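Listing of my_file-v2.cif, mmCIF, N, CA and C atoms
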```
data_data
#
loop_
_atom_site.label_atom_id
_atom_site.label_comp_id
_atom_site.auth_asym_id
_atom_site.auth_seq_id
_atom_site.Cartn_x
_atom_site.Cartn_y
_atom_site.Cartn_z
N THR A 705 -107.85 -114.96 -117.96
CA THR A 705 -108.02 -115.24 -116.53
C THR A 705 -109.47 -115.60 -116.24
N HIS A 706 -109.63 -116.39 -115.20
CA HIS A 706 -110.97 -116.80 -114.81
C HIS A 706 -111.48 -115.88 -113.72
N ASP A 707 -112.75 -115.58 -113.77
CA ASP A 707 -113.37 -114.81 -112.71
C ASP A 707 -113.93 -115.80 -111.69
N LEU A 708 -113.12 -116.15 -110.73
CA LEU A 708 -113.51 -117.17 -109.75
C LEU A 708 -114.53 -116.66 -108.74
N GLN A 709 -114.61 -115.34 -108.57
CA GLN A 709 -115.54 -114.79 -107.60
C GLN A 709 -116.99 -115.14 -107.91
N SER A 710 -117.30 -115.27 -109.18
CA SER A 710 -118.69 -115.53 -109.57
C SER A 710 -119.01 -117.02 -109.69
N GLN A 711 -118.03 -117.88 -109.40
CA GLN A 711 -118.26 -119.32 -109.51
C GLN A 711 -118.62 -119.92 -108.15
N TYR A 712 -119.44 -120.94 -108.21
CA TYR A 712 -119.75 -121.70 -107.01
C TYR A 712 -118.60 -122.65 -106.73
N ILE A 713 -118.47 -123.05 -105.47
CA ILE A 713 -117.34 -123.90 -105.08
C ILE A 713 -117.32 -125.21 -105.86
N HIS A 714 -118.47 -125.76 -106.18
CA HIS A 714 -118.51 -127.03 -106.93
C HIS A 714 -118.11 -126.86 -108.39
N GLN A 715 -117.95 -125.61 -108.85
CA GLN A 715 -117.53 -125.35 -110.22
C GLN A 715 -116.01 -125.22 -110.35
N LEU A 716 -115.30 -125.21 -109.23
CA LEU A 716 -113.85 -125.05 -109.25
C LEU A 716 -113.15 -126.36 -109.54
N SER A 717 -112.00 -126.29 -110.17
CA SER A 717 -111.18 -127.49 -110.36
C SER A 717 -110.59 -127.89 -109.01
N ASP A 718 -110.04 -129.09 -108.94
CA ASP A 718 -109.42 -129.55 -107.69
C ASP A 718 -108.28 -128.62 -107.28
N GLY A 719 -107.46 -128.21 -108.24
CA GLY A 719 -106.35 -127.31 -107.94
C GLY A 719 -106.82 -125.96 -107.45
N GLN A 720 -107.85 -125.41 -108.09
CA GLN A 720 -108.40 -124.13 -107.65
C GLN A 720 -108.97 -124.25 -106.25
N LEU A 721 -109.67 -125.35 -105.98
CA LEU A 721 -110.26 -125.56 -104.67
C LEU A 721 -109.18 -125.66 -103.59
N GLN A 722 -108.10 -126.36 -103.88
CA GLN A 722 -107.01 -126.48 -102.91
C GLN A 722 -106.43 -125.10 -102.59
N ARG A 723 -106.24 -124.27 -103.62
CA ARG A 723 -105.70 -122.93 -103.38
C ARG A 723 -106.67 -122.07 -102.58
N VAL A 724 -107.96 -122.23 -102.82
CA VAL A 724 -108.97 -121.50 -102.04
C VAL A 724 -108.90 -121.92 -100.57
N MET A 725 -108.75 -123.23 -100.32
CA MET A 725 -108.68 -123.72 -98.94
C MET A 725 -107.41 -123.21 -98.24
N ILE A 726 -106.32 -123.12 -98.97
CA ILE A 726 -105.09 -122.57 -98.39
C ILE A 726 -105.28 -121.08 -98.09
N ALA A 727 -105.90 -120.35 -99.00
CA ALA A 727 -106.19 -118.93 -98.76
C ALA A 727 -107.09 -118.76 -97.56
N ARG A 728 -108.05 -119.64 -97.42
CA ARG A 728 -108.97 -119.58 -96.27
C ARG A 728 -108.21 -119.78 -94.95
N ALA A 729 -107.27 -120.73 -94.96
CA ALA A 729 -106.45 -120.96 -93.76
C ALA A 729 -105.59 -119.73 -93.46
N LEU A 730 -105.03 -119.12 -94.49
CA LEU A 730 -104.20 -117.92 -94.29
C LEU A 730 -105.02 -116.75 -93.77
N ALA A 731 -106.25 -116.63 -94.24
CA ALA A 731 -107.12 -115.52 -93.83
C ALA A 731 -107.42 -115.54 -92.34
N GLN A 732 -107.30 -116.70 -91.71
CA GLN A 732 -107.54 -116.80 -90.28
C GLN A 732 -106.38 -116.20 -89.49
N ASP A 733 -105.25 -115.97 -90.16
CA ASP A 733 -104.08 -115.31 -89.59
C ASP A 733 -103.63 -115.92 -88.27
N THR A 734 -103.43 -117.21 -88.28
CA THR A 734 -102.91 -117.91 -87.11
C THR A 734 -101.41 -118.16 -87.32
N PRO A 735 -100.64 -118.33 -86.26
CA PRO A 735 -99.20 -118.56 -86.43
C PRO A 735 -98.87 -119.95 -86.96
N ILE A 736 -99.82 -120.88 -86.82
CA ILE A 736 -99.62 -122.26 -87.28
C ILE A 736 -100.79 -122.64 -88.18
N ILE A 737 -100.46 -123.24 -89.32
CA ILE A 737 -101.47 -123.73 -90.25
C ILE A 737 -101.29 -125.24 -90.36
N LEU A 738 -102.35 -125.98 -90.18
CA LEU A 738 -102.34 -127.44 -90.27
C LEU A 738 -103.13 -127.86 -91.50
N LEU A 739 -102.46 -128.58 -92.41
CA LEU A 739 -103.09 -129.02 -93.65
C LEU A 739 -103.02 -130.54 -93.75
N ASP A 740 -104.15 -131.15 -94.04
CA ASP A 740 -104.23 -132.60 -94.19
C ASP A 740 -104.35 -132.93 -95.68
N GLU A 741 -103.32 -133.52 -96.25
CA GLU A 741 -103.29 -133.91 -97.66
C GLU A 741 -103.71 -132.76 -98.58
N PRO A 742 -103.00 -131.64 -98.56
CA PRO A 742 -103.41 -130.49 -99.37
C PRO A 742 -103.25 -130.71 -100.88
N THR A 743 -102.61 -131.80 -101.28
CA THR A 743 -102.43 -132.04 -102.71
C THR A 743 -103.18 -133.27 -103.21
N SER A 744 -104.11 -133.78 -102.41
CA SER A 744 -104.86 -134.96 -102.86
C SER A 744 -105.66 -134.62 -104.12
N HIS A 745 -105.77 -135.57 -105.01
CA HIS A 745 -106.52 -135.47 -106.27
C HIS A 745 -105.89 -134.52 -107.29
N LEU A 746 -104.62 -134.14 -107.10
CA LEU A 746 -103.96 -133.26 -108.06
C LEU A 746 -102.91 -134.03 -108.84
N ASP A 747 -102.63 -133.58 -110.06
CA ASP A 747 -101.55 -134.19 -110.83
C ASP A 747 -100.22 -133.69 -110.28
N ILE A 748 -99.12 -134.29 -110.72
CA ILE A 748 -97.81 -134.01 -110.14
C ILE A 748 -97.42 -132.53 -110.32
N HIS A 749 -97.75 -131.95 -111.45
CA HIS A 749 -97.43 -130.54 -111.68
C HIS A 749 -98.10 -129.64 -110.63
N HIS A 750 -99.38 -129.88 -110.39
CA HIS A 750 -100.11 -129.06 -109.43
C HIS A 750 -99.69 -129.37 -107.99
N LYS A 751 -99.31 -130.63 -107.71
CA LYS A 751 -98.82 -130.97 -106.38
C LYS A 751 -97.55 -130.19 -106.08
N LEU A 752 -96.62 -130.17 -107.03
CA LEU A 752 -95.38 -129.43 -106.85
C LEU A 752 -95.66 -127.94 -106.67
N ASN A 753 -96.58 -127.42 -107.45
CA ASN A 753 -96.95 -126.00 -107.35
C ASN A 753 -97.48 -125.67 -105.95
N ILE A 754 -98.35 -126.50 -105.42
CA ILE A 754 -98.91 -126.27 -104.08
C ILE A 754 -97.81 -126.31 -103.02
N PHE A 755 -96.92 -127.30 -103.11
CA PHE A 755 -95.82 -127.37 -102.13
C PHE A 755 -94.92 -126.14 -102.22
N LYS A 756 -94.65 -125.66 -103.42
CA LYS A 756 -93.82 -124.46 -103.57
C LYS A 756 -94.53 -123.23 -103.02
N ILE A 757 -95.84 -123.14 -103.24
CA ILE A 757 -96.62 -122.02 -102.70
C ILE A 757 -96.56 -122.05 -101.17
N LEU A 758 -96.75 -123.23 -100.59
CA LEU A 758 -96.71 -123.34 -99.12
C LEU A 758 -95.33 -122.99 -98.58
N GLN A 759 -94.29 -123.42 -99.27
CA GLN A 759 -92.92 -123.11 -98.85
C GLN A 759 -92.71 -121.59 -98.88
N LYS A 760 -93.16 -120.94 -99.93
CA LYS A 760 -93.02 -119.48 -100.05
C LYS A 760 -93.81 -118.75 -98.96
N ILE A 761 -95.03 -119.20 -98.73
CA ILE A 761 -95.86 -118.58 -97.68
C ILE A 761 -95.18 -118.70 -96.33
N SER A 762 -94.65 -119.87 -96.03
CA SER A 762 -93.98 -120.10 -94.75
C SER A 762 -92.80 -119.15 -94.57
N LYS A 763 -91.99 -119.02 -95.60
CA LYS A 763 -90.81 -118.16 -95.52
C LYS A 763 -91.18 -116.68 -95.43
N GLU A 764 -92.17 -116.25 -96.20
CA GLU A 764 -92.53 -114.83 -96.25
C GLU A 764 -93.31 -114.37 -95.03
N THR A 765 -94.10 -115.26 -94.43
CA THR A 765 -94.96 -114.86 -93.31
C THR A 765 -94.43 -115.33 -91.96
N GLN A 766 -93.38 -116.17 -91.99
CA GLN A 766 -92.83 -116.76 -90.77
C GLN A 766 -93.86 -117.62 -90.03
N LYS A 767 -94.85 -118.12 -90.75
CA LYS A 767 -95.85 -119.03 -90.17
C LYS A 767 -95.31 -120.45 -90.22
N THR A 768 -95.71 -121.24 -89.25
CA THR A 768 -95.39 -122.67 -89.26
C THR A 768 -96.52 -123.37 -90.00
N ILE A 769 -96.16 -124.17 -91.00
CA ILE A 769 -97.15 -124.93 -91.75
C ILE A 769 -96.86 -126.41 -91.54
N LEU A 770 -97.79 -127.10 -90.91
CA LEU A 770 -97.68 -128.54 -90.69
C LEU A 770 -98.54 -129.24 -91.73
N ILE A 771 -97.92 -130.20 -92.42
CA ILE A 771 -98.62 -130.89 -93.51
C ILE A 771 -98.59 -132.39 -93.27
N SER A 772 -99.75 -133.00 -93.33
CA SER A 772 -99.85 -134.45 -93.35
C SER A 772 -99.97 -134.85 -94.82
N THR A 773 -99.03 -135.68 -95.30
CA THR A 773 -99.03 -136.00 -96.73
C THR A 773 -98.43 -137.37 -97.00
N HIS A 774 -98.83 -137.95 -98.11
CA HIS A 774 -98.21 -139.17 -98.62
C HIS A 774 -97.17 -138.84 -99.68
N GLU A 775 -97.02 -137.57 -99.99
CA GLU A 775 -96.08 -137.12 -101.02
C GLU A 775 -94.70 -136.92 -100.41
N ILE A 776 -94.05 -138.02 -100.06
CA ILE A 776 -92.77 -137.98 -99.34
C ILE A 776 -91.69 -137.27 -100.16
N ASN A 777 -91.59 -137.56 -101.44
CA ASN A 777 -90.54 -136.93 -102.26
C ASN A 777 -90.71 -135.42 -102.35
N LEU A 778 -91.94 -134.96 -102.52
CA LEU A 778 -92.18 -133.52 -102.55
C LEU A 778 -91.91 -132.89 -101.19
N ALA A 779 -92.29 -133.57 -100.14
CA ALA A 779 -92.03 -133.06 -98.80
C ALA A 779 -90.53 -132.96 -98.54
N LEU A 780 -89.77 -133.95 -98.99
CA LEU A 780 -88.32 -133.93 -98.82
C LEU A 780 -87.69 -132.73 -99.52
N LYS A 781 -88.22 -132.38 -100.67
CA LYS A 781 -87.65 -131.28 -101.47
C LYS A 781 -88.05 -129.89 -100.96
N THR A 782 -89.19 -129.79 -100.29
CA THR A 782 -89.71 -128.45 -99.97
C THR A 782 -89.84 -128.15 -98.48
N SER A 783 -89.59 -129.13 -97.64
CA SER A 783 -89.81 -128.92 -96.20
C SER A 783 -88.52 -128.60 -95.47
N ASP A 784 -88.68 -127.86 -94.38
CA ASP A 784 -87.55 -127.60 -93.49
C ASP A 784 -87.26 -128.78 -92.60
N ARG A 785 -88.33 -129.45 -92.16
CA ARG A 785 -88.19 -130.63 -91.28
C ARG A 785 -89.27 -131.65 -91.61
N LEU A 786 -88.93 -132.92 -91.40
CA LEU A 786 -89.89 -134.01 -91.61
C LEU A 786 -89.97 -134.86 -90.34
N MET A 787 -91.14 -135.36 -90.08
CA MET A 787 -91.32 -136.27 -88.94
C MET A 787 -92.06 -137.49 -89.41
#
```
As structure tokens, the full file:
Amino acid sequence: THDLQSQYIHQLSDGQLQRVMIARALAQDTPIILLDEPTSHLDIHHKLNIFKILQKISKETQKTILISTHEINLALKTSDRLM
């Protein structure tokens, strides 16, 4: 395992950084979370992982998560509603 606490933000991978930003949004404890392209710069495996994490968070916390994304296929598979 990596000790991320001792790393600077510029030392994180894109996937690690995206998860940190999602954690930061969750820490604000708002009923609605708005994410703009949360999977940009990630490979397909990590994109799917992020969408699954967001889906799980939404279901477990009853928070509304609004996502702006170009990943239509992933959004179709993991979202409750699309606009």
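Neighbours of Asn753 (chain A) closer than or equal to 12 Å, with only C-alpha atoms counted and sequence neighbours fewer than 4 positions away skipped, come out as Gly719, Gln720, Gln722, Arg723, Pro742, Thr743, Leu746, Asp747, Ile748, His749, Ile757, Leu758, Gln759, Lys760, Leu778 and Thr782 of chain A.
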Put those residues in a file: N, CA and C atoms, as a PDB file, keeping the file's coordinate frame.
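Output below, filename selection20.pdb:
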```pdb
ATOM      1  N   GLY A 719    -107.460-128.210-108.240  1.00  0.00           N
ATOM      2  CA  GLY A 719    -106.350-127.310-107.940  1.00  0.00           C
ATOM      3  C   GLY A 719    -106.820-125.960-107.450  1.00  0.00           C
ATOM      4  N   GLN A 720    -107.850-125.410-108.090  1.00  0.00           N
ATOM      5  CA  GLN A 720    -108.400-124.130-107.650  1.00  0.00           C
ATOM      6  C   GLN A 720    -108.970-124.250-106.250  1.00  0.00           C
ATOM      7  N   GLN A 722    -108.100-126.360-103.880  1.00  0.00           N
ATOM      8  CA  GLN A 722    -107.010-126.480-102.910  1.00  0.00           C
ATOM      9  C   GLN A 722    -106.430-125.100-102.590  1.00  0.00           C
ATOM     10  N   ARG A 723    -106.240-124.270-103.620  1.00  0.00           N
ATOM     11  CA  ARG A 723    -105.700-122.930-103.380  1.00  0.00           C
ATOM     12  C   ARG A 723    -106.670-122.070-102.580  1.00  0.00           C
ATOM     13  N   PRO A 742    -103.000-131.640 -98.560  1.00  0.00           N
ATOM     14  CA  PRO A 742    -103.410-130.490 -99.370  1.00  0.00           C
ATOM     15  C   PRO A 742    -103.250-130.710-100.880  1.00  0.00           C
ATOM     16  N   THR A 743    -102.610-131.800-101.280  1.00  0.00           N
ATOM     17  CA  THR A 743    -102.430-132.040-102.710  1.00  0.00           C
ATOM     18  C   THR A 743    -103.180-133.270-103.210  1.00  0.00           C
ATOM     19  N   LEU A 746    -104.620-134.140-107.100  1.00  0.00           N
ATOM     20  CA  LEU A 746    -103.960-133.260-108.060  1.00  0.00           C
ATOM     21  C   LEU A 746    -102.910-134.030-108.840  1.00  0.00           C
ATOM     22  N   ASP A 747    -102.630-133.580-110.060  1.00  0.00           N
ATOM     23  CA  ASP A 747    -101.550-134.190-110.830  1.00  0.00           C
ATOM     24  C   ASP A 747    -100.220-133.690-110.280  1.00  0.00           C
ATOM     25  N   ILE A 748     -99.120-134.290-110.720  1.00  0.00           N
ATOM     26  CA  ILE A 748     -97.810-134.010-110.140  1.00  0.00           C
ATOM     27  C   ILE A 748     -97.420-132.530-110.320  1.00  0.00           C
ATOM     28  N   HIS A 749     -97.750-131.950-111.450  1.00  0.00           N
ATOM     29  CA  HIS A 749     -97.430-130.540-111.680  1.00  0.00           C
ATOM     30  C   HIS A 749     -98.100-129.640-110.630  1.00  0.00           C
ATOM     31  N   ILE A 757     -95.840-123.140-103.240  1.00  0.00           N
ATOM     32  CA  ILE A 757     -96.620-122.020-102.700  1.00  0.00           C
ATOM     33  C   ILE A 757     -96.560-122.050-101.170  1.00  0.00           C
ATOM     34  N   LEU A 758     -96.750-123.230-100.590  1.00  0.00           N
ATOM     35  CA  LEU A 758     -96.710-123.340 -99.120  1.00  0.00           C
ATOM     36  C   LEU A 758     -95.330-122.990 -98.580  1.00  0.00           C
ATOM     37  N   GLN A 759     -94.290-123.420 -99.270  1.00  0.00           N
ATOM     38  CA  GLN A 759     -92.920-123.110 -98.850  1.00  0.00           C
ATOM     39  C   GLN A 759     -92.710-121.590 -98.880  1.00  0.00           C
ATOM     40  N   LYS A 760     -93.160-120.940 -99.930  1.00  0.00           N
ATOM     41  CA  LYS A 760     -93.020-119.480-100.050  1.00  0.00           C
ATOM     42  C   LYS A 760     -93.810-118.750 -98.960  1.00  0.00           C
ATOM     43  N   LEU A 778     -91.940-134.960-102.520  1.00  0.00           N
ATOM     44  CA  LEU A 778     -92.180-133.520-102.550  1.00  0.00           C
ATOM     45  C   LEU A 778     -91.910-132.890-101.190  1.00  0.00           C
ATOM     46  N   THR A 782     -89.190-129.790-100.290  1.00  0.00           N
ATOM     47  CA  THR A 782     -89.710-128.450 -99.970  1.00  0.00           C
ATOM     48  C   THR A 782     -89.840-128.150 -98.480  1.00  0.00           C
TER      49      THR A 782
END
```
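Ranking A:His745, A:Lys781, A:Ile736, A:Leu708 by their shortest atom-to-atom distance to Ile769 (chain A), with all atoms listed in the file included, puts A:Ile736 first.
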Looking only at helix (DSSP H, G or I) from DSSP on the backbone, list the matching residues of chain A as an MDAnalysis selection string. chainID A and resid 708:710 713:715 718:731 748:765 776:782
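Straight-line separation from atom C of His774 (chain A) to atom N of Pro735 (chain A): 24.8 Å.
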Non-local contacts of Asp740 (chain A) (8 Å; only N, CA and C atoms; under 6 positions in same chain excluded) as an NGL selection string: :A and (770-774)
Six-sided padding of 5 Å per side, axis-aligned box over region 747-763 of chain A, centre and edges in Å, one decimal, as AutoDock Vina command-line options:
```
--center_x -96.7 --center_y -125.5 --center_z -103.1 --size_x 21.8 --size_y 27.6 --size_z 27.1
```
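Counting only C-alpha atoms and comparing A:Gln715, A:Asp784, A:Leu752, A:Thr768, the residue that lies closest to Leu739 (chain A) is A:Thr768.
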Could you find all residues in chain A that DSSP calls strand (DSSP E) from the backbone, and write them as a ChimeraX atom specification? /A:736-740,768-772
Have a look at CA of Lys767 (chain A) and CA of Gln709 (chain A) and let me know their distance in Å, one decimal. 26.6 Å
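For the atom pair formed by atom N of Phe755 (chain A) and atom C of Asp707 (chain A), the distance is 22.3 Å, given to one decimal.
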With distances taken over only C-alpha atoms, which of A:Gln711, A:Glu775, A:His750, A:Ile761 is nearest to Ala727 (chain A)? A:Ile761
